[in-house]
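Student: Sharing input.csv (CSV, C-alpha atoms and all ligand atoms) below.
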chain,number,residue,atom,x,y,z
A,1,MET,CA,-53.0,-44.6,59.6
A,2,LYS,CA,-51.8,-46.0,63.0
A,3,ALA,CA,-51.4,-49.8,63.3
A,4,ALA,CA,-49.6,-52.5,65.3
A,5,TYR,CA,-47.6,-54.6,63.0
A,6,ILE,CA,-44.8,-57.3,63.0
A,7,VAL,CA,-41.5,-56.6,61.4
A,8,GLY,CA,-40.0,-60.0,62.2
A,9,HIS,CA,-40.5,-63.0,64.5
A,10,GLY,CA,-39.7,-63.5,68.2
A,11,GLY,CA,-41.1,-61.7,71.2
A,12,ASN,CA,-42.5,-58.3,71.7
A,13,GLU,CA,-39.5,-56.5,70.1
A,14,VAL,CA,-40.8,-57.3,66.7
A,15,VAL,CA,-44.2,-55.7,67.3
A,16,LYS,CA,-44.2,-52.0,66.3
A,17,VAL,CA,-46.9,-49.4,66.7
A,18,GLY,CA,-46.7,-46.7,64.1
A,19,GLN,CA,-47.9,-45.4,60.7
A,20,ARG,CA,-48.8,-47.7,57.8
A,21,PRO,CA,-50.4,-46.7,54.5
A,22,LEU,CA,-54.1,-46.4,54.4
A,23,PRO,CA,-55.5,-49.6,52.8
A,24,GLU,CA,-56.7,-49.0,49.2
A,25,ARG,CA,-60.3,-50.2,48.7
A,26,HIS,CA,-61.0,-52.3,45.6
A,27,ALA,CA,-64.4,-52.5,43.9
A,28,GLY,CA,-66.6,-55.0,45.8
A,29,HIS,CA,-64.6,-54.3,49.0
A,30,VAL,CA,-65.5,-52.3,52.1
A,31,ARG,CA,-63.1,-50.1,54.0
A,32,VAL,CA,-63.9,-50.3,57.7
A,33,ARG,CA,-62.8,-47.8,60.3
A,34,LEU,CA,-62.0,-50.1,63.2
A,35,HIS,CA,-63.0,-49.1,66.8
A,36,ALA,CA,-62.0,-52.3,68.5
A,37,ALA,CA,-60.1,-55.5,67.9
A,38,THR,CA,-59.5,-58.5,70.2
A,39,ILE,CA,-56.4,-60.7,70.5
A,40,ASN,CA,-56.2,-64.4,69.7
A,41,ARG,CA,-53.5,-67.0,70.5
A,42,VAL,CA,-52.6,-67.0,66.8
A,43,ASP,CA,-51.5,-63.4,67.1
A,44,LEU,CA,-48.8,-64.7,69.5
A,45,TYR,CA,-47.9,-67.4,67.0
A,46,MET,CA,-47.6,-64.8,64.2
A,47,ARG,CA,-45.4,-62.7,66.4
A,48,ASP,CA,-43.2,-65.5,67.6
A,49,SER,CA,-42.9,-67.8,64.5
A,50,GLY,CA,-45.5,-67.5,61.7
A,51,ALA,CA,-43.9,-70.8,60.3
A,52,GLY,CA,-46.1,-72.5,57.7
A,53,ILE,CA,-48.2,-69.4,57.2
A,54,THR,CA,-47.4,-67.5,53.9
A,55,HIS,CA,-47.1,-63.8,54.7
A,56,GLN,CA,-45.0,-60.8,54.0
A,57,LEU,CA,-43.4,-58.5,56.5
A,58,PRO,CA,-44.2,-55.9,57.8
A,59,GLN,CA,-47.7,-57.2,58.4
A,60,ILE,CA,-50.5,-55.7,60.5
A,61,MET,CA,-51.6,-58.0,63.2
A,62,GLY,CA,-55.1,-59.1,64.2
A,63,LEU,CA,-58.0,-61.2,63.1
A,64,ASP,CA,-61.0,-59.9,65.0
A,65,GLY,CA,-62.4,-56.4,64.5
A,66,ALA,CA,-65.5,-54.2,64.7
A,67,GLY,CA,-66.0,-50.6,63.6
A,68,THR,CA,-68.0,-48.5,61.1
A,69,VAL,CA,-68.1,-48.6,57.3
A,70,ASP,CA,-65.8,-45.9,56.0
A,71,GLU,CA,-66.0,-46.4,52.2
A,72,VAL,CA,-68.1,-48.8,50.1
A,73,ASP,CA,-69.4,-49.2,46.5
A,74,PRO,CA,-72.3,-46.8,45.9
A,75,ASP,CA,-74.5,-49.7,44.7
A,76,GLU,CA,-73.7,-51.9,47.8
A,77,PRO,CA,-77.1,-53.2,48.9
A,78,LEU,CA,-76.5,-54.0,52.6
A,79,LEU,CA,-73.9,-51.7,53.9
A,80,LYS,CA,-73.8,-47.9,54.2
A,81,PRO,CA,-71.1,-45.5,55.3
A,82,GLY,CA,-71.2,-45.0,59.1
A,83,GLN,CA,-72.9,-48.3,59.7
A,84,ALA,CA,-71.6,-50.4,62.7
A,85,VAL,CA,-70.1,-53.7,61.5
A,86,LEU,CA,-67.9,-56.6,62.4
A,87,LEU,CA,-65.7,-58.8,60.4
A,88,HIS,CA,-65.4,-62.4,59.4
A,89,PRO,CA,-61.7,-62.9,59.2
A,90,GLY,CA,-61.4,-65.5,56.5
A,91,ILE,CA,-61.2,-64.4,52.8
A,92,GLY,CA,-61.8,-67.4,50.6
A,93,CYS,CA,-61.0,-67.5,46.8
A,94,GLY,CA,-64.7,-68.1,45.9
A,95,ARG,CA,-63.5,-70.4,43.0
A,96,CYS,CA,-62.1,-73.6,44.4
A,97,ALA,CA,-64.3,-76.7,44.8
A,98,PHE,CA,-64.7,-76.1,48.6
A,99,CYS,CA,-65.8,-72.5,48.1
A,100,GLN,CA,-68.2,-73.7,45.4
A,101,ARG,CA,-69.7,-76.2,47.8
A,102,GLY,CA,-70.3,-73.4,50.4
A,103,GLU,CA,-67.4,-74.6,52.6
A,104,GLY,CA,-65.3,-71.5,52.3
A,105,VAL,CA,-63.7,-72.4,55.6
A,106,LEU,CA,-61.9,-75.2,53.7
A,107,CYS,CA,-60.8,-73.0,50.8
A,108,VAL,CA,-57.4,-74.1,49.4
A,109,ARG,CA,-56.4,-70.4,49.0
A,110,MET,CA,-57.9,-69.1,52.3
A,111,SER,CA,-56.4,-65.8,53.3
A,112,LEU,CA,-56.9,-64.8,57.0
A,113,LEU,CA,-56.6,-61.3,58.4
A,114,GLY,CA,-53.5,-60.9,60.5
A,115,GLU,CA,-52.1,-64.2,59.2
A,116,HIS,CA,-51.8,-64.0,55.4
A,117,ARG,CA,-52.7,-60.3,54.9
A,118,ASP,CA,-52.9,-57.1,56.9
A,119,GLY,CA,-55.2,-57.4,59.9
A,120,THR,CA,-57.3,-55.5,62.3
A,121,PHE,CA,-54.9,-53.9,64.8
A,122,ALA,CA,-55.2,-50.7,62.7
A,123,GLN,CA,-57.4,-47.7,62.2
A,124,PHE,CA,-58.6,-49.1,58.8
A,125,VAL,CA,-58.9,-52.4,57.0
A,126,SER,CA,-60.3,-53.2,53.6
A,127,VAL,CA,-62.0,-56.5,52.9
A,128,PRO,CA,-64.5,-58.0,50.5
A,129,ALA,CA,-68.1,-56.9,51.3
A,130,GLY,CA,-69.1,-60.5,52.0
A,131,ASN,CA,-66.8,-60.5,55.1
A,132,VAL,CA,-68.6,-57.5,56.6
A,133,PHE,CA,-71.6,-58.1,58.7
A,134,PRO,CA,-73.9,-55.6,60.4
A,135,MET,CA,-73.3,-55.6,64.2
A,136,PRO,CA,-75.9,-57.2,66.4
A,137,ALA,CA,-77.9,-54.7,68.5
A,138,GLY,CA,-76.9,-54.3,72.1
A,139,LEU,CA,-73.1,-55.0,71.8
A,140,SER,CA,-70.2,-52.6,72.2
A,141,PHE,CA,-67.6,-52.6,69.5
A,142,THR,CA,-65.3,-54.5,71.8
A,143,GLU,CA,-67.9,-57.2,72.4
A,144,ALA,CA,-68.7,-57.4,68.7
A,145,ALA,CA,-65.0,-57.8,67.8
A,146,ALA,CA,-64.8,-60.7,70.2
A,147,LEU,CA,-67.3,-62.8,68.2
A,148,GLY,CA,-65.3,-63.1,65.0
A,149,VAL,CA,-62.9,-65.9,65.8
A,150,ASN,CA,-63.8,-67.5,69.2
A,151,HIS,CA,-67.6,-67.6,69.0
A,152,LEU,CA,-67.6,-68.5,65.3
A,153,THR,CA,-65.2,-71.3,66.0
A,154,ALA,CA,-67.2,-72.6,68.9
A,155,TRP,CA,-70.5,-72.3,67.0
A,156,ARG,CA,-69.2,-74.5,64.2
A,157,MET,CA,-67.7,-77.0,66.6
A,158,LEU,CA,-70.7,-77.4,68.8
A,159,PHE,CA,-73.6,-77.1,66.4
A,160,THR,CA,-72.3,-78.0,62.9
A,161,LYS,CA,-69.6,-80.6,63.8
A,162,ALA,CA,-70.7,-82.1,67.1
A,163,GLN,CA,-74.4,-81.6,66.5
A,164,LEU,CA,-75.0,-80.7,70.2
A,165,LYS,CA,-78.6,-80.9,71.2
A,166,PRO,CA,-80.3,-79.0,74.1
A,167,TRP,CA,-80.9,-82.2,76.1
A,168,GLU,CA,-77.2,-83.3,75.9
A,169,THR,CA,-74.2,-82.7,78.1
A,170,VAL,CA,-70.9,-81.1,76.9
A,171,LEU,CA,-67.6,-81.1,78.7
A,172,VAL,CA,-65.5,-78.0,77.9
A,173,PHE,CA,-61.8,-78.2,78.8
A,174,GLY,CA,-59.7,-75.2,79.9
A,175,ILE,CA,-62.4,-72.7,80.7
A,176,GLY,CA,-61.0,-69.1,80.7
A,177,GLY,CA,-59.7,-69.0,77.2
A,178,GLY,CA,-61.8,-67.2,74.6
A,179,VAL,CA,-63.0,-70.2,72.6
A,180,SER,CA,-63.8,-72.3,75.7
A,181,LEU,CA,-65.8,-69.4,77.2
A,182,ALA,CA,-67.6,-69.0,73.9
A,183,ALA,CA,-68.5,-72.7,74.0
A,184,LEU,CA,-69.8,-72.4,77.6
A,185,GLN,CA,-72.0,-69.4,76.6
A,186,LEU,CA,-73.3,-70.9,73.4
A,187,ALA,CA,-74.0,-74.4,74.8
A,188,ARG,CA,-75.7,-73.0,77.9
A,189,LEU,CA,-77.9,-70.6,76.0
A,190,SER,CA,-78.9,-73.4,73.6
A,191,GLY,CA,-80.1,-75.4,76.6
A,192,ALA,CA,-77.4,-78.0,76.9
A,193,ARG,CA,-75.8,-79.0,80.2
A,194,VAL,CA,-72.2,-77.8,80.5
A,195,ILE,CA,-69.3,-79.2,82.6
A,196,VAL,CA,-66.1,-77.2,82.6
A,197,THR,CA,-62.5,-77.8,83.7
A,198,SER,CA,-59.7,-75.6,84.7
A,199,ARG,CA,-56.6,-75.8,86.8
A,200,ASP,CA,-57.6,-72.5,88.5
A,201,ASP,CA,-60.4,-72.4,91.1
A,202,SER,CA,-61.1,-68.8,90.6
A,203,LYS,CA,-61.8,-69.5,86.9
A,204,LEU,CA,-64.1,-72.3,87.8
A,205,GLU,CA,-66.0,-70.0,90.1
A,206,ARG,CA,-66.4,-67.4,87.4
A,207,ALA,CA,-67.5,-70.1,85.0
A,208,ARG,CA,-70.2,-71.2,87.5
A,209,ALA,CA,-71.4,-67.6,87.6
A,210,LEU,CA,-71.7,-67.7,83.8
A,211,GLY,CA,-74.0,-70.8,84.0
A,212,ALA,CA,-71.7,-73.8,84.1
A,213,ASP,CA,-73.6,-76.7,85.7
A,214,HIS,CA,-70.5,-78.5,87.1
A,215,ALA,CA,-66.9,-77.4,87.5
A,216,ILE,CA,-63.8,-79.7,87.8
A,217,ASN,CA,-60.3,-78.7,88.9
A,218,GLY,CA,-58.0,-80.6,86.5
A,219,ARG,CA,-55.1,-80.1,88.9
A,220,THR,CA,-56.6,-81.6,92.0
A,221,GLN,CA,-59.3,-83.9,90.6
A,222,ASP,CA,-59.4,-86.8,88.2
A,223,VAL,CA,-61.4,-85.3,85.3
A,224,ALA,CA,-62.8,-88.5,83.9
A,225,LYS,CA,-63.9,-89.8,87.3
A,226,SER,CA,-65.5,-86.5,88.2
A,227,VAL,CA,-67.3,-86.5,84.9
A,228,MET,CA,-68.6,-90.0,85.5
A,229,ALA,CA,-69.7,-89.0,89.0
A,230,ALA,CA,-71.5,-85.9,87.6
A,231,THR,CA,-73.3,-87.8,84.9
A,232,GLY,CA,-74.4,-90.9,86.9
A,233,GLY,CA,-71.7,-93.0,85.4
A,234,ARG,CA,-72.8,-92.3,81.8
A,235,GLY,CA,-70.3,-89.8,80.4
A,236,VAL,CA,-70.8,-86.7,78.3
A,237,ASP,CA,-72.3,-86.6,74.8
A,238,VAL,CA,-69.7,-84.1,73.5
A,239,VAL,CA,-66.2,-83.1,74.5
A,240,PHE,CA,-65.1,-79.7,73.4
A,241,GLU,CA,-61.4,-79.2,73.6
A,242,ASN,CA,-58.5,-77.2,72.3
A,243,VAL,CA,-55.9,-78.1,74.9
A,244,GLY,CA,-54.5,-81.2,73.2
A,245,ALA,CA,-52.2,-83.9,74.5
A,246,ALA,CA,-52.4,-83.0,78.2
A,247,VAL,CA,-56.2,-83.7,78.4
A,248,TRP,CA,-56.7,-86.2,75.5
A,249,SER,CA,-56.8,-89.3,77.7
A,250,SER,CA,-59.3,-87.7,80.2
A,251,ALA,CA,-61.3,-86.5,77.2
A,252,MET,CA,-61.7,-89.9,75.6
A,253,LYS,CA,-62.6,-91.5,79.0
A,254,SER,CA,-65.2,-88.9,79.7
A,255,LEU,CA,-67.3,-89.7,76.5
A,256,VAL,CA,-70.5,-91.7,76.6
A,257,ARG,CA,-70.6,-94.6,74.0
A,258,GLY,CA,-71.1,-93.1,70.6
A,259,GLY,CA,-69.9,-89.7,71.9
A,260,ARG,CA,-68.3,-87.0,69.9
A,261,LEU,CA,-65.0,-85.2,70.6
A,262,VAL,CA,-64.5,-81.9,68.7
A,263,THR,CA,-61.1,-80.2,68.7
A,264,CYS,CA,-59.8,-76.9,67.4
A,265,GLY,CA,-56.4,-76.7,69.0
A,266,ALA,CA,-53.4,-78.5,70.6
A,267,THR,CA,-51.8,-76.0,72.9
A,268,THR,CA,-50.1,-78.7,75.0
A,269,GLY,CA,-49.1,-81.0,72.1
A,270,ASP,CA,-50.6,-82.5,69.0
A,271,GLN,CA,-49.5,-86.2,69.2
A,272,PRO,CA,-51.6,-87.8,72.0
A,273,PRO,CA,-52.0,-91.6,72.0
A,274,ALA,CA,-55.0,-92.3,69.8
A,275,ASP,CA,-56.5,-95.1,71.9
A,276,LEU,CA,-57.9,-96.7,68.8
A,277,ARG,CA,-59.5,-99.6,70.6
A,278,ARG,CA,-61.6,-97.3,72.7
A,279,ILE,CA,-62.6,-95.3,69.6
A,280,PHE,CA,-63.9,-98.3,67.6
A,281,ILE,CA,-65.4,-100.4,70.4
A,282,ARG,CA,-67.2,-97.4,71.9
A,283,GLN,CA,-67.8,-96.0,68.4
A,284,LEU,CA,-66.5,-92.5,69.3
A,285,GLN,CA,-66.2,-89.7,66.8
A,286,ILE,CA,-63.2,-87.4,66.6
A,287,LEU,CA,-64.0,-84.1,64.8
A,288,GLY,CA,-61.6,-81.4,63.7
A,289,SER,CA,-62.7,-77.8,63.1
A,290,THR,CA,-61.4,-74.3,62.6
A,291,LEU,CA,-63.3,-71.0,62.2
A,292,GLY,CA,-66.6,-71.2,60.4
A,293,ASN,CA,-68.5,-70.2,57.2
A,294,PHE,CA,-70.5,-67.1,56.4
A,295,ASP,CA,-73.8,-68.9,57.0
A,296,GLU,CA,-72.6,-70.0,60.4
A,297,PHE,CA,-71.5,-66.5,61.2
A,298,ARG,CA,-74.9,-65.2,60.1
A,299,ASP,CA,-76.7,-67.8,62.4
A,300,LEU,CA,-74.3,-66.9,65.3
A,301,LEU,CA,-75.1,-63.2,65.0
A,302,ASP,CA,-78.9,-63.9,64.9
A,303,PHE,CA,-78.4,-66.1,68.0
A,304,VAL,CA,-76.5,-63.4,69.8
A,305,GLU,CA,-79.2,-60.8,69.1
A,306,ARG,CA,-82.0,-63.2,70.1
A,307,THR,CA,-80.3,-64.4,73.3
A,308,GLY,CA,-78.5,-61.2,74.4
A,309,LEU,CA,-75.2,-63.1,74.6
A,310,LYS,CA,-72.3,-60.8,75.5
A,311,PRO,CA,-68.8,-62.1,75.1
A,312,VAL,CA,-66.7,-62.0,78.2
A,313,ILE,CA,-64.1,-59.2,78.1
A,314,ASP,CA,-61.0,-59.8,80.3
A,315,SER,CA,-59.3,-56.5,79.8
A,316,GLU,CA,-59.0,-53.6,77.4
A,317,TYR,CA,-55.9,-51.8,76.2
A,318,THR,CA,-55.2,-49.1,73.7
A,319,LEU,CA,-53.4,-49.8,70.4
A,320,ASP,CA,-50.2,-48.2,72.0
A,321,GLN,CA,-50.5,-50.8,74.8
A,322,VAL,CA,-50.5,-53.7,72.4
A,323,HIS,CA,-47.4,-55.3,74.0
A,324,ALA,CA,-49.1,-55.4,77.4
A,325,ALA,CA,-52.1,-56.9,75.8
A,326,LEU,CA,-50.0,-59.6,74.1
A,327,ASP,CA,-48.3,-60.3,77.5
A,328,ARG,CA,-51.7,-60.7,79.1
A,329,ILE,CA,-52.6,-63.5,76.6
A,330,GLU,CA,-49.2,-65.1,77.0
A,331,SER,CA,-49.6,-65.2,80.8
A,332,GLY,CA,-52.7,-67.5,80.4
A,333,ALA,CA,-54.2,-65.6,83.4
A,334,GLN,CA,-57.0,-64.0,81.4
A,335,PHE,CA,-60.6,-64.9,81.7
A,336,GLY,CA,-62.2,-64.0,78.4
A,337,LYS,CA,-61.0,-61.8,75.6
A,338,VAL,CA,-58.2,-59.3,75.7
A,339,ALA,CA,-59.3,-56.3,73.6
A,340,LEU,CA,-57.7,-53.3,71.9
A,341,ARG,CA,-59.6,-50.0,71.7
A,342,ILE,CA,-58.7,-48.2,68.5
A,343,ASP,CA,-59.3,-44.4,68.2
B,401,ZN,ZN,-61.6,-71.3,47.7
Have the structure of the file written as structure tokens, please.
Ligand SMILES: [Zn+2]
Tutor:
Amino acid sequence: MKAAYIVGHGGNEVVKVGQRPLPERHAGHVRVRLHAATINRVDLYMRDSGAGITHQLPQIMGLDGAGTVDEVDPDEPLLKPGQAVLLHPGIGCGRCAFCQRGEGVLCVRMSLLGEHRDGTFAQFVSVPAGNVFPMPAGLSFTEAAALGVNHLTAWRMLFTKAQLKPWETVLVFGIGGGVSLAALQLARLSGARVIVTSRDDSKLERARALGADHAINGRTQDVAKSVMAATGGRGVDVVFENVGAAVWSSAMKSLVRGGRLVTCGATTGDQPPADLRRIFIRQLQILGSTLGNFDEFRDLLDFVERTGLKPVIDSEYTLDQVHAALDRIESGAQFGKVALRID
């Protein structure tokens, strides 16, 4: 089968497009014929370094994917050959204390597609049946693929971790990236008020068109002051961020007393000053999060079907154009998901 895979680390030269063995399907697993995948920043990390992530080369890239069921156990109750499905990218061990408590996302032996095992930039992938979910109605394969990492991550951050309520205000940093846009969509559709930031006016304009209530240019405006002006001097209930050090101070100053900051990334650095006095005097909460559990994915997919949410797709490439697709992510110019169509 055709796939995009890494043979080393460091730049696009290590990314090859060619033939890889068809994945063998074990009992209890489902082999999916992929029609679309989308690209995440971690794909760049795997290409360039992969440090700290146990994996073997060559390895097929990609966490997100949607397609149709190719082969499945005959007694599988939910999934039938030909059915349109999308994938949860995290394969937990099912046996550790965290898995037993229903927190598979904290599994001590978590194996992620495209990080620890062959991923979705391929014509086929085989995963445990529990990771395969029927596609919500009304989505294309590309749109469905986009939900698996960004929207799931944003769902857990907003609703499980930060407990965002419809009458609250959330500040989303760095609008344009996949997870930030997912947060804007989910928070808006849940009824919350959303303030976004970007250093690019055209991205702010597009975010407004998607329902952002207020947009702040982080290059030309003081974010915390603008947030205070937009909230009558109160501050936001929740800060959603994955930018890290560059925005940390603004993020802390933008929170209302007792506010919650939830983070899933540190693109600009992971050692910001903690500002402990502000944290305890104003009783702020700092919450970390990555990805999400099966039950959260189930809820997300029901929410998508109910609300008609469609992930924002920046651009689509073929599997042969994977290098251009990775360049697009690396440029930071994208607004929404960069997708791969797989024939
Ligand atoms: Zn486990």
Student: Taking all atoms listed in the file into account, which residues have an atom no farther than 6 Å from ligand ZN 401 (chain B)? I'd like them as a PDB file with C-alpha atoms, in the coordinates of the input.
Tutor:
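The result, written out as result_4.pdb:
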ATOM      1  CA  GLY A  92     -61.800 -67.400  50.600  1.00  0.00           C
ATOM      2  CA  CYS A  93     -61.000 -67.500  46.800  1.00  0.00           C
ATOM      3  CA  GLY A  94     -64.700 -68.100  45.900  1.00  0.00           C
ATOM      4  CA  ARG A  95     -63.500 -70.400  43.000  1.00  0.00           C
ATOM      5  CA  CYS A  96     -62.100 -73.600  44.400  1.00  0.00           C
ATOM      6  CA  PHE A  98     -64.700 -76.100  48.600  1.00  0.00           C
ATOM      7  CA  CYS A  99     -65.800 -72.500  48.100  1.00  0.00           C
ATOM      8  CA  GLY A 104     -65.300 -71.500  52.300  1.00  0.00           C
ATOM      9  CA  CYS A 107     -60.800 -73.000  50.800  1.00  0.00           C
ATOM     10  CA  VAL A 108     -57.400 -74.100  49.400  1.00  0.00           C
ATOM     11  CA  ARG A 109     -56.400 -70.400  49.000  1.00  0.00           C
TER      12      ARG A 109
END
Student: I'd like to know which of A:Gln163, A:Ser289, A:Gln334, A:Ser198 is closest to Arg260 in chain A, using all atoms listed in the file.
Tutor: A:Gln163
Student: How many Å lie between CA of Asp302 in chain A and CA of Ile175 in chain A, rounded to one decimal?
Tutor: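 Atom-to-atom, CA of Asp302 in chain A to CA of Ile175 in chain A, that is 24.5 Å.
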Student: Pick out the closest residue to Leu261 in chain A from this set: A:Leu189, A:Val304, A:Ala162, A:Val338. Count all atoms listed in the file.
Tutor: A:Ala162
Student: Fewer than 6 positions away in the same chain doesn't count, so skip those; otherwise give me all residues within 8 Å of range 248-251 of chain A, counting all atoms listed in the file, as a PyMOL selection string.
Tutor: chain A and resi 223-224+239+261+272-273
Student: Using only C-alpha atoms, which protein or nucleic acid residues come within 12 Å of Thr142 in chain A? Drop anything in the same chain fewer than 3 positions from it, and give the result as a ChimeraX atom specification.
Tutor: /A:34-39,64-67,84-86,135,138-139,145-148,310-318,336-342
Student: Can you work out which one of A:Ser111, A:Gln56, A:Thr268, A:Gln285 has the shortest atom-to-atom distance to Gly174 in chain A, counting all atoms listed in the file?
Tutor: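 Closest to Gly174 in chain A of all the choices is A:Thr268.
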Student: Work out how far CA of Arg31 in chain A is from CA of Glu71 in chain A, in Å to one decimal.
Tutor: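 These two atoms are separated by 5.0 Å.
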Student: So how far away is CA of Arg33 in chain A from CA of Leu79 in chain A, in Å?
Tutor: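 CA of Leu79 in chain A sits 13.4 Å away from CA of Arg33 in chain A.
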Student: Could you give me, as a list of chain:residue names, the residues within 8 Å of Ile91 in chain A, counting only C-alpha atoms and dropping anything in the same chain fewer than 2 positions from it?
Tutor: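 That gives A:Pro89, A:Cys93, A:Met110, A:Ser111, A:Leu112, A:Leu113, A:Val127, A:Pro128, A:Asn131.
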Student: Looking at A:Ile329, A:Leu87, A:Met157, A:Leu186, which one is nearest to Pro136 in chain A, with distances taken over all atoms listed in the file?
Tutor: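 Between A:Ile329, A:Leu87, A:Met157, A:Leu186, the residue approaching Pro136 in chain A most closely is A:Leu87.
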Student: Up to 6 Å from (-46.5, -53.3, 60.1) in the file's coordinates: name the residues, counting only C-alpha atoms, as a VMD selection string.
Tutor: chain A and resid 5 to 6 58 to 60
Student: Which of these, A:Ser180, A:Asp275, A:Asn242, A:Arg199, has the shortest distance to Ala212 in chain A once you count all atoms listed in the file?
Tutor: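 Among the listed residues, the smallest separation from Ala212 in chain A belongs to A:Ser180.
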Student: Measuring atom to atom with only C-alpha atoms, identify which of A:Gly244, A:Gly18, A:Gly288, A:Gly177 is nearest to Val262 in chain A.
Tutor: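 With only C-alpha atoms as the atom set, the closest residue is A:Gly288.
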Student: Neighbouring residues of His9 in chain A were defined as those with any atom within 12 Å, considering all atoms listed in the file; residues of the same chain fewer than 2 positions away were excluded. Please report them as a list in words.
Tutor: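 The residues satisfying every condition are Tyr5, Ile6, Val7, Gly11, Asn12, Glu13, Val14, Val15, Lys16, Asp43, Leu44, Tyr45, Met46, Arg47, Asp48, Ser49, Gly50, Ala51, His55, Gln56, Leu57, Pro58 and Gln59 of chain A.
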Student: Excluding range 213-222 of chain A and any residue of its chain fewer than 4 positions from it, enumerate the residues within 6 Å of it, using all atoms listed in the file, and give them as a list in words.
Tutor: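 The residues that qualify are Val194, Ile195, Val196, Thr197, Ser198, Arg199 and Leu204 of chain A.
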Student: Distance cut-off 7 Å, centre (-49.3, -50.9, 61.4) in file coordinates, counting only C-alpha atoms: which residues qualify? Return them as a list of chain:residue names.
Tutor: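 Nearby residues: A:Lys2, A:Ala3, A:Ala4, A:Tyr5, A:Val17, A:Gly18, A:Gln19, A:Arg20, A:Ile60, A:Ala122.
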